[in-house]
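What's in input33.cif: mmCIF, C-alpha atoms (C1' of nucleotides)
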data_model
loop_
_atom_site.label_atom_id
_atom_site.label_comp_id
_atom_site.auth_asym_id
_atom_site.auth_seq_id
_atom_site.Cartn_x
_atom_site.Cartn_y
_atom_site.Cartn_z
CA MET A 1 9.42 -0.24 -12.22
CA GLY A 2 6.64 -0.55 -9.71
CA THR A 3 8.97 -1.60 -6.92
CA THR A 4 9.82 0.70 -4.02
CA LYS A 5 13.45 1.76 -4.26
CA SER A 6 14.34 0.95 -0.66
CA ALA A 7 18.06 1.01 -1.35
CA TYR A 8 17.89 4.75 -1.88
CA PHE A 9 16.77 5.44 1.67
CA THR A 10 18.17 5.03 5.16
CA ASP A 11 17.50 2.00 7.33
CA LYS A 12 15.50 4.14 9.70
CA GLN A 13 13.35 5.53 6.90
CA ASN A 14 12.70 2.03 5.59
CA GLN A 15 11.93 0.74 9.09
CA LEU A 16 9.37 3.47 9.72
CA ALA A 17 7.82 3.01 6.28
CA THR A 18 7.50 -0.73 6.91
CA LEU A 19 5.79 -0.17 10.26
CA ALA A 20 3.49 2.44 8.71
CA LYS A 21 2.64 0.10 5.87
CA ALA A 22 1.63 -2.59 8.33
CA LEU A 23 -0.82 -0.11 9.84
CA ALA A 24 -2.05 1.18 6.49
CA HIS A 25 -5.27 -0.80 6.55
CA PRO A 26 -8.29 -0.25 8.80
CA ALA A 27 -8.61 -3.97 9.53
CA ARG A 28 -5.10 -4.00 10.95
CA ILE A 29 -5.82 -0.90 13.05
CA ALA A 30 -8.97 -2.67 14.23
CA ILE A 31 -6.93 -5.71 15.21
CA LEU A 32 -4.56 -3.58 17.25
CA ASP A 33 -7.51 -1.79 18.86
CA TYR A 34 -9.02 -5.11 19.80
CA LEU A 35 -5.79 -6.46 21.24
CA LEU A 36 -5.61 -3.32 23.37
CA LYS A 37 -9.24 -3.41 24.44
CA VAL A 38 -9.22 -6.91 25.81
CA ASP A 39 -6.84 -6.82 28.65
CA THR A 40 -4.83 -9.89 27.78
CA CYS A 41 -3.49 -11.77 24.84
CA ILE A 42 -6.14 -13.11 22.56
CA CYS A 43 -6.27 -16.77 21.79
CA GLY A 44 -8.93 -17.31 19.26
CA ASP A 45 -11.72 -14.91 18.67
CA ILE A 46 -10.21 -12.28 16.41
CA VAL A 47 -12.00 -13.76 13.42
CA ASN A 48 -15.39 -13.27 15.09
CA GLU A 49 -14.57 -9.65 15.89
CA LEU A 50 -14.07 -8.49 12.32
CA PRO A 51 -16.39 -8.51 9.30
CA LEU A 52 -13.90 -10.21 7.02
CA ALA A 53 -13.41 -13.81 5.99
CA GLN A 54 -11.03 -15.99 7.97
CA PRO A 55 -8.30 -16.21 5.31
CA THR A 56 -8.32 -12.43 4.98
CA ILE A 57 -7.84 -11.92 8.70
CA SER A 58 -5.16 -14.56 8.81
CA GLN A 59 -3.34 -12.62 6.12
CA HIS A 60 -3.64 -9.32 8.01
CA LEU A 61 -2.35 -10.97 11.18
CA LYS A 62 0.59 -12.29 9.22
CA GLU A 63 1.45 -8.82 8.00
CA LEU A 64 1.26 -7.36 11.47
CA LYS A 65 3.47 -10.17 12.72
CA ASN A 66 6.00 -9.81 9.90
CA ALA A 67 6.31 -6.12 10.67
CA GLY A 68 6.90 -7.00 14.32
CA LEU A 69 3.83 -5.16 15.59
CA ILE A 70 2.32 -8.23 17.17
CA LYS A 71 3.65 -11.50 18.54
CA GLY A 72 1.94 -14.86 18.22
CA ASN A 73 2.42 -17.86 20.47
CA ILE A 74 0.96 -21.25 19.79
CA ASP A 75 -1.38 -22.32 22.57
CA GLY A 76 -2.61 -25.80 21.82
CA ASN A 77 -5.23 -25.54 19.16
CA ALA A 78 -5.33 -21.76 19.03
CA ILE A 79 -2.77 -19.03 18.60
CA CYS A 80 -2.25 -16.40 21.22
CA TYR A 81 -1.65 -12.92 19.82
CA CYS A 82 -0.51 -9.83 21.62
CA ILE A 83 0.97 -6.44 20.86
CA ASN A 84 4.73 -6.06 20.65
CA GLU A 85 5.47 -2.98 22.72
CA LYS A 86 8.86 -2.40 21.19
CA ALA A 87 7.57 -1.74 17.69
CA LEU A 88 4.96 0.66 19.01
CA GLU A 89 7.56 2.47 21.04
CA VAL A 90 9.53 3.09 17.85
CA LEU A 91 6.50 4.78 16.33
CA GLN A 92 5.61 6.65 19.51
CA THR A 93 9.14 8.02 19.77
CA TYR A 94 9.19 9.07 16.12
CA PHE A 95 5.94 11.01 16.30
CA SER A 96 6.71 12.51 19.71
CA ASN A 97 10.00 13.81 18.36
CA ILE A 98 8.25 15.37 15.39
CA THR A 99 5.55 17.09 17.41
CA ASN A 100 8.17 18.32 19.88
CA LYS A 101 10.22 19.84 17.11
CA MET A 102 7.13 21.43 15.62
CA GLU A 103 6.24 22.86 19.00
CA ILE A 104 9.65 24.47 19.31
CA LYS A 105 9.87 26.06 15.92
CA LYS A 106 6.27 27.25 15.68
CA SER A 107 5.86 27.13 11.93
CA SER A 108 7.37 30.16 10.27
CA CYS A 109 5.13 30.07 7.21
CA CYS A 110 2.18 28.24 5.57
CA MET B 1 -12.47 -7.66 -4.62
CA GLY B 2 -9.13 -5.95 -4.29
CA THR B 3 -10.67 -2.89 -2.66
CA THR B 4 -10.32 -2.11 1.01
CA LYS B 5 -13.69 -2.47 2.75
CA SER B 6 -13.57 0.86 4.55
CA ALA B 7 -17.30 0.83 5.28
CA TYR B 8 -16.77 -2.03 7.72
CA PHE B 9 -14.58 0.02 10.02
CA THR B 10 -14.93 3.11 12.20
CA ASP B 11 -14.08 6.61 11.01
CA LYS B 12 -11.19 6.71 13.44
CA GLN B 13 -9.79 3.42 12.17
CA ASN B 14 -10.05 4.63 8.59
CA GLN B 15 -8.46 7.96 9.46
CA LEU B 16 -5.49 6.31 11.13
CA ALA B 17 -5.09 3.82 8.29
CA THR B 18 -5.13 6.66 5.76
CA LEU B 19 -2.45 8.57 7.66
CA ALA B 20 -0.37 5.42 8.02
CA LYS B 21 -0.73 4.69 4.32
CA ALA B 22 0.58 8.13 3.47
CA LEU B 23 3.68 7.31 5.50
CA ALA B 24 4.04 3.80 4.13
CA HIS B 25 6.82 4.69 1.73
CA PRO B 26 10.43 5.59 2.58
CA ALA B 27 10.42 8.50 0.13
CA ARG B 28 7.53 10.07 2.00
CA ILE B 29 9.25 9.53 5.34
CA ALA B 30 12.34 11.14 3.78
CA ILE B 31 10.26 14.13 2.68
CA LEU B 32 8.92 14.60 6.20
CA ASP B 33 12.42 14.22 7.62
CA TYR B 34 13.67 16.87 5.24
CA LEU B 35 10.87 19.28 6.04
CA LEU B 36 11.75 18.87 9.70
CA LYS B 37 15.49 19.22 9.20
CA VAL B 38 15.40 22.52 7.40
CA ASP B 39 13.95 24.89 9.87
CA THR B 40 11.40 26.53 7.65
CA CYS B 41 9.01 25.73 4.87
CA ILE B 42 10.66 24.55 1.73
CA CYS B 43 10.04 26.30 -1.49
CA GLY B 44 11.74 24.39 -4.21
CA ASP B 45 14.54 22.01 -3.56
CA ILE B 46 12.79 18.83 -2.49
CA VAL B 47 13.39 17.29 -5.89
CA ASN B 48 17.15 17.76 -5.54
CA GLU B 49 17.13 16.13 -2.12
CA LEU B 50 15.76 12.77 -3.22
CA PRO B 51 17.06 10.20 -5.70
CA LEU B 52 13.80 9.93 -7.58
CA ALA B 53 12.53 11.55 -10.74
CA GLN B 54 10.58 14.78 -10.51
CA PRO B 55 7.16 13.30 -11.46
CA THR B 56 7.61 10.60 -8.81
CA ILE B 57 8.34 13.14 -6.10
CA SER B 58 5.46 15.29 -7.23
CA GLN B 59 3.22 12.26 -6.83
CA HIS B 60 4.53 11.50 -3.33
CA LEU B 61 4.01 15.12 -2.30
CA LYS B 62 0.46 14.91 -3.58
CA GLU B 63 -0.23 11.86 -1.45
CA LEU B 64 1.18 13.51 1.65
CA LYS B 65 -0.94 16.57 0.92
CA ASN B 66 -4.11 14.55 0.28
CA ALA B 67 -3.64 12.80 3.61
CA GLY B 68 -3.26 16.19 5.27
CA LEU B 69 0.27 15.53 6.50
CA ILE B 70 1.73 18.51 4.69
CA LYS B 71 0.44 21.83 3.43
CA GLY B 72 1.49 23.52 0.20
CA ASN B 73 1.27 27.19 -0.61
CA ILE B 74 2.00 28.68 -3.98
CA ASP B 75 4.88 31.11 -3.79
CA GLY B 76 5.34 32.67 -7.20
CA ASN B 77 7.08 30.17 -9.34
CA ALA B 78 7.65 27.57 -6.64
CA ILE B 79 5.48 25.83 -4.07
CA CYS B 80 6.12 26.18 -0.39
CA TYR B 81 5.63 22.97 1.55
CA CYS B 82 5.52 22.47 5.28
CA ILE B 83 4.35 19.92 7.81
CA ASN B 84 0.79 20.03 9.07
CA GLU B 85 1.13 19.69 12.83
CA LYS B 86 -2.45 18.63 13.36
CA ALA B 87 -2.16 15.40 11.40
CA LEU B 88 1.02 14.49 13.20
CA GLU B 89 -0.59 15.18 16.54
CA VAL B 90 -3.31 12.67 15.69
CA LEU B 91 -0.64 10.03 15.17
CA GLN B 92 1.38 11.07 18.19
CA THR B 93 -1.68 10.88 20.41
CA TYR B 94 -2.65 7.46 19.07
CA PHE B 95 0.73 5.89 19.67
CA SER B 96 1.21 7.58 23.03
CA ASN B 97 -2.11 6.18 24.18
CA ILE B 98 -1.11 2.72 23.08
CA THR B 99 2.27 2.74 24.77
CA ASN B 100 0.69 4.16 27.93
CA LYS B 101 -1.86 1.38 28.03
CA MET B 102 0.85 -1.20 27.43
CA GLU B 103 2.89 0.29 30.26
CA ILE B 104 -0.01 -0.06 32.66
CA LYS B 105 -1.00 -3.59 31.91
CA LYS B 106 2.49 -5.04 31.58
CA SER B 107 1.78 -7.83 29.16
CA SER B 108 0.26 -10.83 30.89
CA CYS B 109 1.50 -13.38 28.36
CA CYS B 110 3.55 -13.83 25.15
"C1'" DA C 1 7.53 37.79 -26.82
"C1'" DA C 2 10.94 33.95 -26.08
"C1'" DA C 3 13.57 31.33 -22.94
"C1'" DC C 4 13.93 29.38 -18.59
"C1'" DT C 5 12.45 27.32 -14.13
"C1'" DA C 6 9.33 24.83 -11.07
"C1'" DT C 7 5.74 21.82 -10.58
"C1'" DA C 8 1.71 19.00 -12.18
"C1'" DT C 9 -0.65 15.71 -15.08
"C1'" DC C 10 -1.07 11.89 -18.44
"C1'" DG C 11 -0.20 7.45 -19.87
"C1'" DT C 12 1.62 3.18 -19.06
"C1'" DA C 13 4.49 -0.86 -17.48
"C1'" DA C 14 5.87 -3.41 -13.45
"C1'" DT C 15 4.66 -4.81 -9.12
"C1'" DA C 16 1.97 -5.10 -4.74
"C1'" DT C 17 -2.25 -5.40 -2.07
"C1'" DT C 18 -6.91 -6.95 -0.95
"C1'" DG C 19 -10.32 -10.41 -0.45
"C1'" DC C 20 -11.96 -14.88 -0.54
"C1'" DA C 21 -13.18 -19.86 -1.97
"C1'" DA C 22 -11.01 -24.01 -1.66
"C1'" DT C 23 -7.97 -26.66 0.62
"C1'" DA C 24 -4.36 -27.96 3.97
"C1'" DT C 25 -2.59 -28.52 8.62
"C1'" DA C 26 -2.76 -29.51 13.28
"C1'" DA C 27 -4.54 -29.91 17.95
"C1'" DG C 28 -8.39 -31.39 20.93
"C1'" DA C 29 -12.80 -33.96 21.74
"C1'" DA C 30 -15.80 -37.86 21.09
"C1'" DT D 1 -9.67 -43.24 14.79
"C1'" DT D 2 -13.10 -39.97 13.28
"C1'" DC D 3 -15.10 -35.45 14.06
"C1'" DT D 4 -14.60 -30.88 15.14
"C1'" DT D 5 -12.34 -26.47 15.81
"C1'" DA D 6 -8.68 -23.07 14.87
"C1'" DT D 7 -5.54 -21.27 11.84
"C1'" DA D 8 -2.58 -21.20 7.59
"C1'" DT D 9 -1.68 -21.64 2.69
"C1'" DT D 10 -2.74 -21.67 -2.23
"C1'" DG D 11 -4.51 -19.65 -6.21
"C1'" DC D 12 -6.69 -16.18 -8.42
"C1'" DA D 13 -9.42 -11.96 -9.79
"C1'" DA D 14 -9.94 -7.07 -8.88
"C1'" DT D 15 -7.75 -3.09 -7.68
"C1'" DA D 16 -3.99 -0.02 -6.05
"C1'" DT D 17 0.76 1.60 -5.91
"C1'" DT D 18 5.25 2.84 -7.75
"C1'" DA D 19 8.14 4.89 -11.11
"C1'" DC D 20 9.04 7.66 -14.93
"C1'" DG D 21 9.11 9.62 -19.92
"C1'" DA D 22 6.58 12.85 -22.26
"C1'" DT D 23 4.04 16.70 -22.01
"C1'" DA D 24 1.35 20.49 -19.97
"C1'" DT D 25 0.93 24.58 -17.07
"C1'" DA D 26 2.32 28.66 -15.04
"C1'" DG D 27 5.32 32.03 -13.16
"C1'" DT D 28 9.99 34.61 -13.89
"C1'" DT D 29 13.62 36.46 -16.44
"C1'" DT D 30 15.72 38.42 -20.35
#
Serialized structure, structure tokens:
Amino acid sequence: MGTTKSAYFTDKQNQLATLAKALAHPARIAILDYLLKVDTCICGDIVNELPLAQPTISQHLKELKNAGLIKGNIDGNAICYCINEKALEVLQTYFSNITNKMEIKKSSCC
Amino acid sequence: MGTTKSAYFTDKQNQLATLAKALAHPARIAILDYLLKVDTCICGDIVNELPLAQPTISQHLKELKNAGLIKGNIDGNAICYCINEKALEVLQTYFSNITNKMEIKKSSCC
DNA sequence: AAACTATATCGTAATATTGCAATATAAGAA
DNA sequence: TTCTTATATTGCAATATTACGATATAGTTT
């Protein structure tokens, strides 16, 4: 008990849930927002951008990276993070498909 | 400790994180998928569609409803659930904006 | 009314997440 | 080499999530 029963669902459903889970925290949304705002990869100052302790941010970055939402390259002393387009395209496609379908059927009740 | 520090982030960041959290479980993705597949609102047979116990599904439906992703109307004995387009448009817009921005800047490193 | 059906709530065990102090690692600068 | 800077890891306390049996609620049928 307590564990998500991933085996009961499709790969696609698990993939989307994993990506959503990685975004299910405002600090991780804020990290994505920041990576988008600055116009290049960020080597260093993410910790100064957020009101959380360094180990906490490191942990959030790890989760984003594990989910494939960001990539990190070592650059000497620092680490250079940037957004992984491919993961975001998966999400964009999923939600576009849904809103398209909704548009077509024009909700028949509720 | 242990609690998300929502007050440190913007309303928009918290809103997106809340929506993402509601989708951060394959059962809830499966529920959305099912509501999309059948071409109308569903009054009744969600429990039979998923390999989880009835109280568990009821709980997942509640979370989707609290997040505003689905709407539920009482229909006699049953409850009629359907997708709330507005919440999904918020997500669709967010991810479309991101992929558009990524397209324009064409990642300068990583 | 009594039986049945559909859904929600309660209570609880197992597990996961969040946040951070302390500490470790590793590269660059002095 | 020693100092500094940047990031990761460990360990732990607080809290949240997941799953479900038991039970409650409420409408429908007989």
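Ranking D:DA22, D:DT17, D:DT30, D:DT7 by their shortest atom-to-atom distance to DT15 of chain C, with only C-alpha atoms (C1' of nucleotides) included, puts D:DT17 first.
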Using only C-alpha atoms (C1' of nucleotides), I'd like every residue of chain C that has an atom within 10 Å of chain A; please write them out as an mmCIF file with C-alpha atoms (C1' of nucleotides), in the frame of the given file.
data_model
loop_
_atom_site.group_PDB
_atom_site.id
_atom_site.type_symbol
_atom_site.label_atom_id
_atom_site.label_comp_id
_atom_site.auth_asym_id
_atom_site.auth_seq_id
_atom_site.Cartn_x
_atom_site.Cartn_y
_atom_site.Cartn_z
ATOM 1 C "C1'" DA C 13 4.490 -0.860 -17.480
ATOM 2 C "C1'" DA C 14 5.870 -3.410 -13.450
ATOM 3 C "C1'" DT C 15 4.660 -4.810 -9.120
ATOM 4 C "C1'" DA C 16 1.970 -5.100 -4.740
ATOM 5 C "C1'" DT C 18 -6.910 -6.950 -0.950
ATOM 6 C "C1'" DG C 19 -10.320 -10.410 -0.450
ATOM 7 C "C1'" DC C 20 -11.960 -14.880 -0.540
ATOM 8 C "C1'" DA C 21 -13.180 -19.860 -1.970
ATOM 9 C "C1'" DA C 26 -2.760 -29.510 13.280
ATOM 10 C "C1'" DA C 27 -4.540 -29.910 17.950
ATOM 11 C "C1'" DG C 28 -8.390 -31.390 20.930
#
Run the PyMOL selection byres ((chain A) within 6 of (chain B)) mentally over the shown coordinates, then write out the matched residues as number ranges by chain, using the chain letters and numbers from the document. A: 13-14, 17, 20-21, 23-26, 29, 92, 95-96
Could you save the residues just selected, with C-alpha atoms, as an mmCIF file, in the coordinates of the input?
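Output (result.cif):
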data_model
loop_
_atom_site.group_PDB
_atom_site.id
_atom_site.type_symbol
_atom_site.label_atom_id
_atom_site.label_comp_id
_atom_site.auth_asym_id
_atom_site.auth_seq_id
_atom_site.Cartn_x
_atom_site.Cartn_y
_atom_site.Cartn_z
ATOM 1 C CA GLN A 13 13.350 5.530 6.900
ATOM 2 C CA ASN A 14 12.700 2.030 5.590
ATOM 3 C CA ALA A 17 7.820 3.010 6.280
ATOM 4 C CA ALA A 20 3.490 2.440 8.710
ATOM 5 C CA LYS A 21 2.640 0.100 5.870
ATOM 6 C CA LEU A 23 -0.820 -0.110 9.840
ATOM 7 C CA ALA A 24 -2.050 1.180 6.490
ATOM 8 C CA HIS A 25 -5.270 -0.800 6.550
ATOM 9 C CA PRO A 26 -8.290 -0.250 8.800
ATOM 10 C CA ILE A 29 -5.820 -0.900 13.050
ATOM 11 C CA GLN A 92 5.610 6.650 19.510
ATOM 12 C CA PHE A 95 5.940 11.010 16.300
ATOM 13 C CA SER A 96 6.710 12.510 19.710
#
Just how far from atom C1' of DA24 of chain D is atom C1' of DA8 of chain C, in Å to one decimal? 7.9 Å
Would you work out the distance separating atom C1' of DT5 of chain D from atom CA of Lys65 of chain A, expressed in Å to one decimal? 22.9 Å
Once chain A has been least-squares superposed onto chain B, matching all their Cα atoms in order, can you return it as a compact mmCIF listing (two decimals) with C-alpha atoms, keeping the file's coordinate frame?
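As a result, result.txt now contains:
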# COMPACT_ATOMS: atom_id res chain seq x y z
CA MET A 1 -12.51 -7.73 -4.65
CA GLY A 2 -9.18 -6.03 -4.21
CA THR A 3 -10.71 -2.94 -2.66
CA THR A 4 -10.34 -2.13 1.04
CA LYS A 5 -13.70 -2.50 2.76
CA SER A 6 -13.59 0.85 4.55
CA ALA A 7 -17.31 0.81 5.28
CA TYR A 8 -16.78 -2.03 7.72
CA PHE A 9 -14.58 0.03 10.01
CA THR A 10 -14.94 3.10 12.18
CA ASP A 11 -14.08 6.60 11.00
CA LYS A 12 -11.20 6.71 13.42
CA GLN A 13 -9.80 3.42 12.17
CA ASN A 14 -10.05 4.61 8.58
CA GLN A 15 -8.47 7.96 9.46
CA LEU A 16 -5.49 6.32 11.12
CA ALA A 17 -5.10 3.82 8.28
CA THR A 18 -5.13 6.67 5.76
CA LEU A 19 -2.45 8.58 7.66
CA ALA A 20 -0.37 5.41 8.02
CA LYS A 21 -0.73 4.68 4.33
CA ALA A 22 0.58 8.12 3.47
CA LEU A 23 3.68 7.31 5.51
CA ALA A 24 4.04 3.80 4.13
CA HIS A 25 6.83 4.68 1.73
CA PRO A 26 10.42 5.59 2.58
CA ALA A 27 10.42 8.50 0.13
CA ARG A 28 7.52 10.07 1.99
CA ILE A 29 9.25 9.54 5.34
CA ALA A 30 12.33 11.13 3.79
CA ILE A 31 10.26 14.12 2.69
CA LEU A 32 8.92 14.60 6.19
CA ASP A 33 12.43 14.24 7.62
CA TYR A 34 13.67 16.88 5.24
CA LEU A 35 10.86 19.28 6.03
CA LEU A 36 11.75 18.87 9.70
CA LYS A 37 15.48 19.23 9.20
CA VAL A 38 15.38 22.53 7.39
CA ASP A 39 13.98 24.93 9.85
CA THR A 40 11.40 26.54 7.62
CA CYS A 41 9.00 25.73 4.86
CA ILE A 42 10.65 24.53 1.73
CA CYS A 43 10.04 26.30 -1.51
CA GLY A 44 11.73 24.38 -4.20
CA ASP A 45 14.53 22.00 -3.57
CA ILE A 46 12.80 18.81 -2.49
CA VAL A 47 13.41 17.28 -5.90
CA ASN A 48 17.18 17.75 -5.54
CA GLU A 49 17.14 16.12 -2.11
CA LEU A 50 15.78 12.76 -3.21
CA PRO A 51 17.08 10.19 -5.70
CA LEU A 52 13.82 9.92 -7.59
CA ALA A 53 12.55 11.55 -10.76
CA GLN A 54 10.58 14.77 -10.52
CA PRO A 55 7.19 13.30 -11.45
CA THR A 56 7.63 10.60 -8.82
CA ILE A 57 8.34 13.13 -6.09
CA SER A 58 5.48 15.29 -7.22
CA GLN A 59 3.23 12.27 -6.82
CA HIS A 60 4.53 11.51 -3.31
CA LEU A 61 4.02 15.13 -2.29
CA LYS A 62 0.48 14.92 -3.58
CA GLU A 63 -0.21 11.88 -1.45
CA LEU A 64 1.19 13.51 1.65
CA LYS A 65 -0.92 16.57 0.93
CA ASN A 66 -4.10 14.58 0.28
CA ALA A 67 -3.65 12.81 3.59
CA GLY A 68 -3.26 16.20 5.27
CA LEU A 69 0.28 15.53 6.50
CA ILE A 70 1.74 18.50 4.69
CA LYS A 71 0.43 21.82 3.44
CA GLY A 72 1.49 23.52 0.22
CA ASN A 73 1.28 27.21 -0.55
CA ILE A 74 1.99 28.70 -3.92
CA ASP A 75 4.87 31.15 -3.77
CA GLY A 76 5.33 32.67 -7.19
CA ASN A 77 7.06 30.14 -9.34
CA ALA A 78 7.64 27.59 -6.61
CA ILE A 79 5.48 25.85 -4.06
CA CYS A 80 6.12 26.19 -0.39
CA TYR A 81 5.63 22.97 1.57
CA CYS A 82 5.51 22.48 5.29
CA ILE A 83 4.35 19.92 7.82
CA ASN A 84 0.79 20.04 9.08
CA GLU A 85 1.13 19.70 12.84
CA LYS A 86 -2.45 18.64 13.37
CA ALA A 87 -2.17 15.41 11.41
CA LEU A 88 1.02 14.49 13.22
CA GLU A 89 -0.59 15.20 16.55
CA VAL A 90 -3.30 12.68 15.70
CA LEU A 91 -0.65 10.03 15.17
CA GLN A 92 1.39 11.08 18.20
CA THR A 93 -1.68 10.88 20.42
CA TYR A 94 -2.66 7.47 19.06
CA PHE A 95 0.74 5.90 19.66
CA SER A 96 1.22 7.59 23.03
CA ASN A 97 -2.10 6.19 24.18
CA ILE A 98 -1.11 2.71 23.07
CA THR A 99 2.28 2.74 24.76
CA ASN A 100 0.70 4.16 27.92
CA LYS A 101 -1.84 1.38 28.02
CA MET A 102 0.86 -1.19 27.42
CA GLU A 103 2.90 0.30 30.24
CA ILE A 104 -0.01 -0.04 32.63
CA LYS A 105 -1.00 -3.58 31.88
CA LYS A 106 2.50 -5.03 31.57
CA SER A 107 1.77 -7.82 29.14
CA SER A 108 0.27 -10.82 30.87
CA CYS A 109 1.48 -13.36 28.33
CA CYS A 110 3.53 -13.82 25.12
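Any residue of chain D with an atom no more than 7 Å from chain A counts as a contact; using only C-alpha atoms (C1' of nucleotides), that gives DA6, DT18 and DA19 of chain D.
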Residues from last step as file, C-alpha atoms (C1' of nucleotides), as a PDB file, in the frame of the given file:
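The new file out12.pdb reads:
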ATOM      1  C1'  DA D   6      -8.680 -23.070  14.870  1.00  0.00           C
ATOM      2  C1'  DT D  18       5.250   2.840  -7.750  1.00  0.00           C
ATOM      3  C1'  DA D  19       8.140   4.890 -11.110  1.00  0.00           C
TER       4       DA D  19
END
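Note that the spacing between atom CA of Leu69 of chain B and atom C1' of DT7 of chain C amounts to 19.0 Å.
Residue nearest DT1 of chain D, chosen from C:DA24, C:DC10, C:DC4, C:DA30 and counting all atoms listed in the file: C:DA30.
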